[in-house]
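I have placed the structure first, in the form of structure tokens, so that the comments after it can refer back to it.
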Amino acid sequence: MGYELINNLDFDTNADGVMDANDAYWNEGDGWEPLGSDNFPFGSLFDGNGHEIRNLYVNRPYEDGVGLFGAISGEAVIVSNLGLVGKLSNVLGADGVGLLAGFVGVSAEVSNSYAKGVVTGSYFVGGLVGLLTENASISSSHAAALVSGDVYVGGLVGYLFEGSRISRSFALSDVSGEIGIGGLVGVVEDVGSISNTYATGSVSGSDYLGGVAGALASESTLINSFATGSVTATDSYGGGLVGYVFGDTTITNSHWATDTTGQLNSDGESEFDNYFGATLVELQCPTSSDNTDDCVISNTLYAGWDSSVWDFGTSTQLPGLIINGIVYRDEDGNGSLDENQAPTVTLTLKQDGYVVSDITAGDGDVTLEATITDPDASDRHTLSWTYEGITVTSETDTGVTFKSDNLVAGEYTVSVVATDNRYSPLSAEAEITFTVYSAYVPEPEPAPGNTSASSGKKGGGGALSIIWLMLCSGLVYTRQRRVVFAG
């Protein structure tokens, strides 16, 4: 059993740009009542189908478990494909506060979801989820929020523990609090894990602050991650990637920008585990994993990072995460995704290797080549072709090829849409119309010895043929009228 969203929703129901008593979910100022609670969590499937909920408003400062969902829990419970956006998106609660959910636990999953807005609470406060516990997971998700609280506050998740996981996700959130504050997660504990993530928002507070996590403890792991946002600790334990590490923890193949974070060190750093800081320019330098092109002297950046998960772009861009084929990149680490620029596409018609404007049936294979120009040099593109009456024999990243032999004479139109792979994807279209002409078929030559007269006779027919050829060549006088017919 499950639920799905079949269209976008807007909590500003009268579309006046203000949340007040004139909106359907005002509830005397309390706003939306979260789905599920800590005692009775939401325990089903919820598929957003790629739709968005705009301007979520929750004002419950004395309640725990606050968000669109109060609590999500249970094996095979999945919330997916949902976006929370809007200038009026604002969630206020006590403990366990997030735009999507206050609490997520007991093996529940959140995937392909994102949130933008303002989140405020006390303990366990996150841009997407407040508390992730008991083997719950978040994947392919992100948050770009203004997050504030007291303890355990993170750009994506406030507190992660008891075997819970975050993978292939990122945060662009600005985060502030007192203790245990992180750009991605406030605190990771008790076999929690983070892999293939980044955080580029600012982090500020008192103690235990880090660009990705404020603290990492109790056999937890942090792998293949980086941070670039400023980290400002007014008291103690501020680190570029992690503020404080205790217990048997593992941090590998992870980095932070020493200049933009303002932190030369990160707790537990170890070159043996390929865990070290570098400048922003150095972090942008690699164009592939395992980079050894002197981007950082005597060190290798992004060792072992999977190119199907990360797109390394150009030598002036930070790595971007690939989620469902789309690259999410903050190339300069300033806390916002890069603005996409549309490509352009043109088509060239070729037959038998030569550029032509029209086609002759039977004169060789025909190729339509797409030439794409994109201001974003690192973008990749997919082509979607539309044609009728043509049988394509091969299709590549740049064109299609088809046989001309069986084409019927007439006019044909072929179009293509080129779509880039950067968030949010943009497309360009091109169309070409050409004419197919039938192949030229010459009249057959007479067989040797045959004439236009009766066959099998000698002499006369040949004389007629000779005179005719002579007439055609201008070699016969007008007085010469000798014509001999066979028989």
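Chain labels run A, B, ... following the order of the structure tokens; each chain numbers its residues from 1, and ligands are numbered from 1 in the order shown.
Note that DSSP on the backbone gives strand (DSSP E or B) to these residues of region 338-368 of chain A: Thr344, Val345, Thr346, Leu347, Thr348, Leu349, Lys350, Gln351, Tyr354, Val355, Ile359, Thr360, Val366, Thr367 and Leu368 of chain A.
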Writing out the chosen residues with N, CA and C atoms as a JSON list (two decimals), in the first residue's frame:
[["chain", "number", "residue", "atom", "x", "y", "z"],
["A", 344, "THR", "N", 23.33, 24.74, -28.18],
["A", 344, "THR", "CA", 22.74, 24.90, -29.51],
["A", 344, "THR", "C", 23.14, 23.68, -30.33],
["A", 345, "VAL", "N", 22.32, 23.37, -31.35],
["A", 345, "VAL", "CA", 22.60, 22.19, -32.17],
["A", 345, "VAL", "C", 22.29, 22.49, -33.62],
["A", 346, "THR", "N", 23.13, 22.02, -34.53],
["A", 346, "THR", "CA", 22.91, 22.13, -35.97],
["A", 346, "THR", "C", 23.06, 20.76, -36.60],
["A", 347, "LEU", "N", 22.44, 20.57, -37.78],
["A", 347, "LEU", "CA", 22.48, 19.28, -38.47],
["A", 347, "LEU", "C", 23.18, 19.42, -39.82],
["A", 348, "THR", "N", 23.98, 18.43, -40.16],
["A", 348, "THR", "CA", 24.66, 18.36, -41.45],
["A", 348, "THR", "C", 24.28, 17.05, -42.13],
["A", 349, "LEU", "N", 23.85, 17.14, -43.41],
["A", 349, "LEU", "CA", 23.44, 15.97, -44.18],
["A", 349, "LEU", "C", 24.60, 15.51, -45.06],
["A", 350, "LYS", "N", 24.92, 14.22, -44.99],
["A", 350, "LYS", "CA", 25.99, 13.67, -45.81],
["A", 350, "LYS", "C", 25.51, 12.39, -46.50],
["A", 351, "GLN", "N", 25.99, 12.21, -47.75],
["A", 351, "GLN", "CA", 25.76, 10.94, -48.44],
["A", 351, "GLN", "C", 27.09, 10.43, -48.98],
["A", 354, "TYR", "N", 30.02, 12.70, -48.31],
["A", 354, "TYR", "CA", 30.06, 14.07, -48.83],
["A", 354, "TYR", "C", 28.87, 14.88, -48.32],
["A", 355, "VAL", "N", 29.12, 16.15, -48.01],
["A", 355, "VAL", "CA", 28.04, 17.03, -47.58],
["A", 355, "VAL", "C", 27.14, 17.32, -48.77],
["A", 359, "ILE", "N", 19.26, 14.03, -51.45],
["A", 359, "ILE", "CA", 19.72, 12.64, -51.50],
["A", 359, "ILE", "C", 19.29, 11.99, -52.81],
["A", 360, "THR", "N", 20.18, 11.17, -53.37],
["A", 360, "THR", "CA", 19.82, 10.32, -54.50],
["A", 360, "THR", "C", 19.77, 8.88, -54.02],
["A", 366, "VAL", "N", 23.50, 7.36, -45.92],
["A", 366, "VAL", "CA", 23.22, 8.75, -45.55],
["A", 366, "VAL", "C", 23.47, 8.92, -44.05],
["A", 367, "THR", "N", 24.14, 10.00, -43.69],
["A", 367, "THR", "CA", 24.41, 10.30, -42.28],
["A", 367, "THR", "C", 23.93, 11.71, -41.96],
["A", 368, "LEU", "N", 23.26, 11.83, -40.82],
["A", 368, "LEU", "CA", 22.91, 13.13, -40.28],
["A", 368, "LEU", "C", 23.77, 13.36, -39.04]]
Would you mind listing what lies within 10 Å of Gly210 (chain A) as a count of residues only, with only C-alpha atoms counted and same-chain residues fewer than 6 positions away left out?
32
Closest of A:Met19, A:Ile166, A:Ile432, A:Ala108 to Ser357 (chain A) - atom-to-atom distances counting only C-alpha atoms
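Checking each of A:Met19, A:Ile166, A:Ile432, A:Ala108 against Ser357 (chain A), counting only C-alpha atoms, the winner is A:Ile432.
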Of the candidates A:Met1, A:Val157, A:Val147, A:Leu88, which shows the shortest atom-to-atom distance to Val104 (chain A), using only C-alpha atoms?
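Residue with the minimum atom-to-atom distance to Val104 (chain A): A:Val157.
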For a quick check of understanding, using only C-alpha atoms, which of A:Ser169, A:Ser394, A:Gln284, A:Asn59 has the smallest distance to Val327 (chain A)?
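Distance minimum relative to Val327 (chain A) lands on A:Ser169.
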Have a look at A:Ser270, A:Phe42, A:Ala24, A:Glu52 and name the one nearest to Asn7 (chain A); count only C-alpha atoms.
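Looking only at the distances to Asn7 (chain A), the closest residue turns out to be A:Glu52.
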